[in-house]
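The structure under discussion appears below in the form of structure tokens.
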Amino acid sequence: MIPQHIAIIMDGNGRWARMRGKERSEGHIAGMDALRETVRNVAQVGVKYLTVYAFSTENWGRPQAEVDALMELICKGVEMESAELMKVGIKVVAIGDRSRFSDKVKASLEKIEQLTHAGENMTLVLALNYSSRSEITTAVRNLAQRVAQGEVRPEDIDEQMISSALYTSFMPDPDLIIRTSGECRLSNFLMWQASYSEFYFTPTLWPDFDKAELERALEVYSARDRRYGLVK
Ligand code: IPE
Ligand code: IPE
Ligand code: MG
């Protein structure tokens, strides 16, 4: 079975750089190359949604030079990849709170979303200034406002309505969540949506994640028995 939606926590860029005596920012550049390859490989196997965790709300706390390098990389990535993504029919959507980004980053994100919006082969979702807790907090606030305005009754709030109030309302929950670099945690990523996701953890650092790694993850996923709490 090919998952409909894969989500990836792209972790280990800094360690990849350190092992080579390089700056952390060079690890992020190598991570961008791995992302480009992975997008192509994932689209080729027929996956419909690929969500990548690229910048968490907590990542603002890193050294300013690293944050600046990451912001620069977002803008560069848009410049360099838009044409190819359009050509291969990949639609790009950013999720997360954009208000904290500079005008330049905001404009880049709007640009790539506009240019690629007609793509029908796969949707690439970039989680940027994203965290699950802030997403849920925003959703709760919006629902509370609708209740206060008399639009919604508290007893009408169900799981579907909550899912619809999240950034991810336009897509199915992830079937498979991959995390590289050996860390076995979600780090505030898709906590609501991951209720029945399958997890795949690999020690491989993100810049080294290649086609063979993806194939291994897909193979492991195919062998999983997804029971959803039922007896088969
Ligand atoms: C993941 O790599 C990329 C981002 C969080 C932006 P890290 O930068 O977290 O790399 P490590 O975990 O320090 O090796
Ligand atoms: C998670 O990685 C965020 C991204 C991959 C963007 P982190 O490196 O920030 O997470 P922790 O600190 O290991 O939990
Ligand atoms: Mg990390």
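By convention in this document, the chains of the structure tokens carry letters A, B, ... by their order, each chain's residues are numbered from 1, and ligands are numbered from 1 in the order they are shown.
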Contacts of range 132-139 of chain A within 12 Å, only C-alpha atoms, excl. fewer than 4 positions in-chain, as number ranges by chain: A: 53, 56-58, 95-98, 127-128, 143-146, 157, 161-169, 186-194
Protein and nucleic acid residues within 6 Å of ligand 1 (only C-alpha atoms and all ligand atoms) as an MDAnalysis selection string: chainID A and resid 10:15 54:55
Just the selected residues (all heavy atoms), exported as a PDB file, in the first residue's frame, please.
ATOM      1  N   MET A  10      12.213  16.689   9.089  1.00  0.00           N
ATOM      2  CA  MET A  10      13.538  16.699   8.447  1.00  0.00           C
ATOM      3  C   MET A  10      14.567  17.139   9.484  1.00  0.00           C
ATOM      4  O   MET A  10      14.843  18.318   9.638  1.00  0.00           O
ATOM      5  CB  MET A  10      13.532  17.685   7.273  1.00  0.00           C
ATOM      6  CG  MET A  10      12.388  17.475   6.274  1.00  0.00           C
ATOM      7  SD  MET A  10      12.497  18.601   4.863  1.00  0.00           S
ATOM      8  CE  MET A  10      12.081  20.178   5.625  1.00  0.00           C
ATOM      9  N   ASP A  11      15.148  16.186  10.195  1.00  0.00           N
ATOM     10  CA  ASP A  11      16.026  16.548  11.312  1.00  0.00           C
ATOM     11  C   ASP A  11      17.451  16.042  11.086  1.00  0.00           C
ATOM     12  O   ASP A  11      17.658  15.010  10.453  1.00  0.00           O
ATOM     13  CB  ASP A  11      15.452  15.961  12.613  1.00  0.00           C
ATOM     14  CG  ASP A  11      16.034  16.624  13.852  1.00  0.00           C
ATOM     15  OD1 ASP A  11      16.648  17.703  13.731  1.00  0.00           O
ATOM     16  OD2 ASP A  11      15.890  16.052  14.946  1.00  0.00           O
ATOM     17  N   GLY A  12      18.429  16.778  11.610  1.00  0.00           N
ATOM     18  CA  GLY A  12      19.823  16.321  11.580  1.00  0.00           C
ATOM     19  C   GLY A  12      20.752  17.147  10.707  1.00  0.00           C
ATOM     20  O   GLY A  12      21.917  16.785  10.539  1.00  0.00           O
ATOM     21  N   ASN A  13      20.260  18.253  10.181  1.00  0.00           N
ATOM     22  CA  ASN A  13      21.119  19.101   9.326  1.00  0.00           C
ATOM     23  C   ASN A  13      22.338  19.623  10.082  1.00  0.00           C
ATOM     24  O   ASN A  13      23.441  19.661   9.554  1.00  0.00           O
ATOM     25  CB  ASN A  13      20.340  20.320   8.810  1.00  0.00           C
ATOM     26  CG  ASN A  13      19.198  19.938   7.894  1.00  0.00           C
ATOM     27  OD1 ASN A  13      19.086  18.785   7.487  1.00  0.00           O
ATOM     28  ND2 ASN A  13      18.348  20.900   7.569  1.00  0.00           N
ATOM     29  N   GLY A  14      22.115  20.041  11.328  1.00  0.00           N
ATOM     30  CA  GLY A  14      23.204  20.613  12.127  1.00  0.00           C
ATOM     31  C   GLY A  14      24.271  19.582  12.410  1.00  0.00           C
ATOM     32  O   GLY A  14      25.472  19.847  12.292  1.00  0.00           O
ATOM     33  N   ARG A  15      23.847  18.371  12.792  1.00  0.00           N
ATOM     34  CA  ARG A  15      24.820  17.309  13.090  1.00  0.00           C
ATOM     35  C   ARG A  15      25.569  16.879  11.823  1.00  0.00           C
ATOM     36  O   ARG A  15      26.759  16.607  11.857  1.00  0.00           O
ATOM     37  CB  ARG A  15      24.094  16.107  13.726  1.00  0.00           C
ATOM     38  CG  ARG A  15      23.877  16.297  15.217  1.00  0.00           C
ATOM     39  CD  ARG A  15      22.827  15.355  15.757  1.00  0.00           C
ATOM     40  NE  ARG A  15      21.478  15.816  15.398  1.00  0.00           N
ATOM     41  CZ  ARG A  15      20.374  15.123  15.617  1.00  0.00           C
ATOM     42  NH1 ARG A  15      20.455  13.924  16.170  1.00  0.00           N
ATOM     43  NH2 ARG A  15      19.202  15.626  15.293  1.00  0.00           N
ATOM     44  N   ALA A  54       9.631  22.211   8.320  1.00  0.00           N
ATOM     45  CA  ALA A  54      10.815  22.956   7.899  1.00  0.00           C
ATOM     46  C   ALA A  54      11.269  23.992   8.927  1.00  0.00           C
ATOM     47  O   ALA A  54      12.442  24.345   8.986  1.00  0.00           O
ATOM     48  CB  ALA A  54      10.545  23.645   6.562  1.00  0.00           C
ATOM     49  N   PHE A  55      10.328  24.489   9.744  1.00  0.00           N
ATOM     50  CA  PHE A  55      10.694  25.495  10.761  1.00  0.00           C
ATOM     51  C   PHE A  55       9.607  25.503  11.829  1.00  0.00           C
ATOM     52  O   PHE A  55       8.445  25.772  11.544  1.00  0.00           O
ATOM     53  CB  PHE A  55      10.818  26.883  10.112  1.00  0.00           C
ATOM     54  CG  PHE A  55      11.492  27.899  10.998  1.00  0.00           C
ATOM     55  CD1 PHE A  55      12.878  27.996  11.038  1.00  0.00           C
ATOM     56  CD2 PHE A  55      10.739  28.755  11.800  1.00  0.00           C
ATOM     57  CE1 PHE A  55      13.509  28.933  11.862  1.00  0.00           C
ATOM     58  CE2 PHE A  55      11.358  29.683  12.632  1.00  0.00           C
ATOM     59  CZ  PHE A  55      12.737  29.781  12.657  1.00  0.00           C
TER      60      PHE A  55
END
Filtered DSSP result for range 30-210 of chain A, state strand (DSSP E), as a PyMOL selection string: chain A and resi 49-56+90-95+122-130+176-179+198-201
Distance query Arg185 in chain A at most 10 Å, only C-alpha atoms, self and fewer than 6 positions along chain excluded, as a PyMOL selection string: chain A and resi 9+179+199+201
Emit the selected residues as a short mmCIF file (atom, residue, chain, number, x, y, z; two decimals), in the first residue's frame, including all heavy atoms.
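Saved the output as part16.cif:
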data_model
loop_
_atom_site.label_atom_id
_atom_site.label_comp_id
_atom_site.auth_asym_id
_atom_site.auth_seq_id
_atom_site.Cartn_x
_atom_site.Cartn_y
_atom_site.Cartn_z
N ILE A 9 9.64 14.83 9.38
CA ILE A 9 10.36 15.73 10.27
C ILE A 9 11.81 15.67 9.82
O ILE A 9 12.52 14.69 10.08
CB ILE A 9 10.18 15.31 11.75
CG1 ILE A 9 8.69 15.28 12.13
CG2 ILE A 9 10.98 16.25 12.68
CD1 ILE A 9 8.38 14.64 13.49
N ARG A 179 10.76 10.42 10.70
CA ARG A 179 11.70 11.37 11.31
C ARG A 179 13.11 10.86 11.14
O ARG A 179 13.40 9.71 11.48
CB ARG A 179 11.40 11.61 12.79
CG ARG A 179 12.38 12.67 13.37
CD ARG A 179 11.99 13.20 14.73
NE ARG A 179 12.87 14.31 15.10
CZ ARG A 179 12.55 15.29 15.93
NH1 ARG A 179 11.37 15.31 16.48
NH2 ARG A 179 13.41 16.25 16.21
N PHE A 199 4.58 5.45 12.37
CA PHE A 199 5.83 6.19 12.54
C PHE A 199 7.01 5.40 12.02
O PHE A 199 7.07 4.18 12.19
CB PHE A 199 6.05 6.51 14.03
CG PHE A 199 5.10 7.55 14.54
CD1 PHE A 199 3.83 7.20 14.96
CD2 PHE A 199 5.46 8.89 14.56
CE1 PHE A 199 2.93 8.16 15.39
CE2 PHE A 199 4.57 9.85 15.01
CZ PHE A 199 3.31 9.49 15.43
N PHE A 201 11.19 5.82 12.22
CA PHE A 201 12.35 6.59 12.67
C PHE A 201 13.61 5.99 12.07
O PHE A 201 13.80 4.77 12.11
CB PHE A 201 12.45 6.56 14.20
CG PHE A 201 11.26 7.19 14.88
CD1 PHE A 201 10.31 6.40 15.52
CD2 PHE A 201 11.09 8.57 14.87
CE1 PHE A 201 9.21 6.98 16.15
CE2 PHE A 201 9.99 9.16 15.50
CZ PHE A 201 9.05 8.36 16.14
#
Residues near range 26-38 of chain A, cut-off 10 Å, only C-alpha atoms, skip fewer than 6 positions along chain, as number ranges by chain: A: 8, 10-20, 44, 50, 52, 54, 66, 69-70, 73-74, 77, 81, 85, 205-211, 213-214
Long-range neighbours of range 215-218 of chain A as number ranges by chain, 9 Å cut-off, only C-alpha atoms, 3 positions minimum in chain: A: 1-3, 176, 178, 200-202, 210-212, 221-223
Shortest interatomic distance to ligand 2 - which of A:Gly61, A:Pro203, A:Gly119, A:Pro172, counting only C-alpha atoms and all ligand atoms: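 Among the listed residues, A:Gly61 lies closest to ligand 2.
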For Gln4 in chain A: contacts at 10 Å, only C-alpha atoms, fewer than 5 positions along chain excluded, given as a count of residues only: 12
Å distance separating CA of Val92 in chain A from CA of Ala43 in chain A, one decimal place: 12.6 Å
Near-Leu109 in chain A list (10 Å; only C-alpha atoms; drop same-chain fewer than 3 positions) as an MDAnalysis selection string: chainID A and resid 74:75 78 92:94 98 103:106 112:114 126 128
Those in range 65-193 of chain A with alpha helix (DSSP H) from DSSP, as a PyMOL selection string: chain A and resi 65-87+103-116+132-148+159-164
Produce a file of the selected residues containing C-alpha atoms, as a JSON list (two decimals), in the first residue's frame.
[["chain", "number", "residue", "atom", "x", "y", "z"],
["A", 65, "ALA", "CA", 22.59, 33.90, 12.21],
["A", 66, "GLU", "CA", 21.08, 30.44, 11.81],
["A", 67, "VAL", "CA", 17.51, 31.80, 11.76],
["A", 68, "ASP", "CA", 18.57, 34.37, 9.13],
["A", 69, "ALA", "CA", 20.21, 31.64, 7.04],
["A", 70, "LEU", "CA", 17.03, 29.57, 7.18],
["A", 71, "MET", "CA", 14.87, 32.54, 6.13],
["A", 72, "GLU", "CA", 17.26, 33.23, 3.27],
["A", 73, "LEU", "CA", 17.03, 29.59, 2.24],
["A", 74, "ILE", "CA", 13.22, 29.72, 2.13],
["A", 75, "CYS", "CA", 13.38, 32.68, -0.30],
["A", 76, "LYS", "CA", 16.13, 31.08, -2.39],
["A", 77, "GLY", "CA", 14.26, 27.79, -2.53],
["A", 78, "VAL", "CA", 11.19, 29.56, -3.90],
["A", 79, "GLU", "CA", 13.30, 31.34, -6.53],
["A", 80, "MET", "CA", 15.07, 28.19, -7.63],
["A", 81, "GLU", "CA", 12.33, 25.57, -7.47],
["A", 82, "SER", "CA", 9.09, 27.25, -8.56],
["A", 83, "ALA", "CA", 9.50, 26.65, -12.29],
["A", 84, "GLU", "CA", 10.33, 22.96, -11.89],
["A", 85, "LEU", "CA", 7.48, 22.39, -9.44],
["A", 86, "MET", "CA", 5.04, 24.02, -11.85],
["A", 87, "LYS", "CA", 6.34, 21.85, -14.67],
["A", 103, "ASP", "CA", 7.60, 40.79, 4.20],
["A", 104, "LYS", "CA", 10.18, 39.18, 1.93],
["A", 105, "VAL", "CA", 9.50, 35.67, 3.23],
["A", 106, "LYS", "CA", 5.74, 36.27, 3.16],
["A", 107, "ALA", "CA", 5.97, 37.42, -0.45],
["A", 108, "SER", "CA", 8.03, 34.36, -1.38],
["A", 109, "LEU", "CA", 5.46, 32.02, 0.11],
["A", 110, "GLU", "CA", 2.59, 33.78, -1.63],
["A", 111, "LYS", "CA", 4.51, 33.65, -4.88],
["A", 112, "ILE", "CA", 5.18, 29.93, -4.84],
["A", 113, "GLU", "CA", 1.59, 29.19, -3.80],
["A", 114, "GLN", "CA", 0.24, 31.28, -6.67],
["A", 115, "LEU", "CA", 2.61, 29.90, -9.28],
["A", 116, "THR", "CA", 1.97, 26.27, -8.40],
["A", 132, "SER", "CA", 0.79, 21.70, 16.80],
["A", 133, "ARG", "CA", -0.01, 23.47, 20.06],
["A", 134, "SER", "CA", -0.18, 26.88, 18.41],
["A", 135, "GLU", "CA", -2.32, 25.41, 15.62],
["A", 136, "ILE", "CA", -4.75, 23.90, 18.13],
["A", 137, "THR", "CA", -4.75, 27.09, 20.22],
["A", 138, "THR", "CA", -5.65, 29.16, 17.15],
["A", 139, "ALA", "CA", -8.39, 26.71, 16.21],
["A", 140, "VAL", "CA", -9.88, 26.76, 19.73],
["A", 141, "ARG", "CA", -9.85, 30.56, 19.71],
["A", 142, "ASN", "CA", -11.65, 30.66, 16.35],
["A", 143, "LEU", "CA", -14.29, 28.15, 17.45],
["A", 144, "ALA", "CA", -14.83, 30.01, 20.73],
["A", 145, "GLN", "CA", -15.39, 33.19, 18.76],
["A", 146, "ARG", "CA", -17.99, 31.49, 16.58],
["A", 147, "VAL", "CA", -19.76, 30.21, 19.70],
["A", 148, "ALA", "CA", -19.68, 33.69, 21.25],
["A", 159, "GLU", "CA", -13.98, 16.04, 15.85],
["A", 160, "GLN", "CA", -14.74, 16.93, 12.25],
["A", 161, "MET", "CA", -15.27, 20.58, 13.16],
["A", 162, "ILE", "CA", -11.98, 20.68, 15.03],
["A", 163, "SER", "CA", -10.13, 19.07, 12.11],
["A", 164, "SER", "CA", -11.70, 21.67, 9.84]]
Among listed residues A:Ser131, A:Ser25, A:Asn59, A:Gln64, nearest ligand 3 (using only C-alpha atoms and all ligand atoms):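 For ligand 3, the nearest of the given residues is A:Asn59.
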Option closest in space to ligand 2, from A:Thr204, A:Ser195, A:Gln149, A:Asn129 [counting only C-alpha atoms and all ligand atoms]: A:Asn129
Nearest to Asn121 in chain A by atom-to-atom distance, counting only C-alpha atoms, from A:Arg62, A:Lys232, A:Arg40, A:Lys91: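 Closest to Asn121 in chain A of all the choices is A:Lys91.
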Selected residue of minimal separation from ligand 2 among A:Glu219, A:Glu198, A:Asp225, A:Glu183, counting only C-alpha atoms and all ligand atoms: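 Between A:Glu219, A:Glu198, A:Asp225, A:Glu183, the residue approaching ligand 2 most closely is A:Glu183.
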Top pick for closest residue to ligand 3, considering A:His117, A:Cys184, A:Tyr228, A:Ser197 and counting only C-alpha atoms and all ligand atoms: A:Cys184
Between atom 7 (P, counted along the ligand's line) of ligand 2 and CA of Phe101 in chain A, distance in Å (one decimal):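 Distance reported for this atom pair: 18.7 Å.
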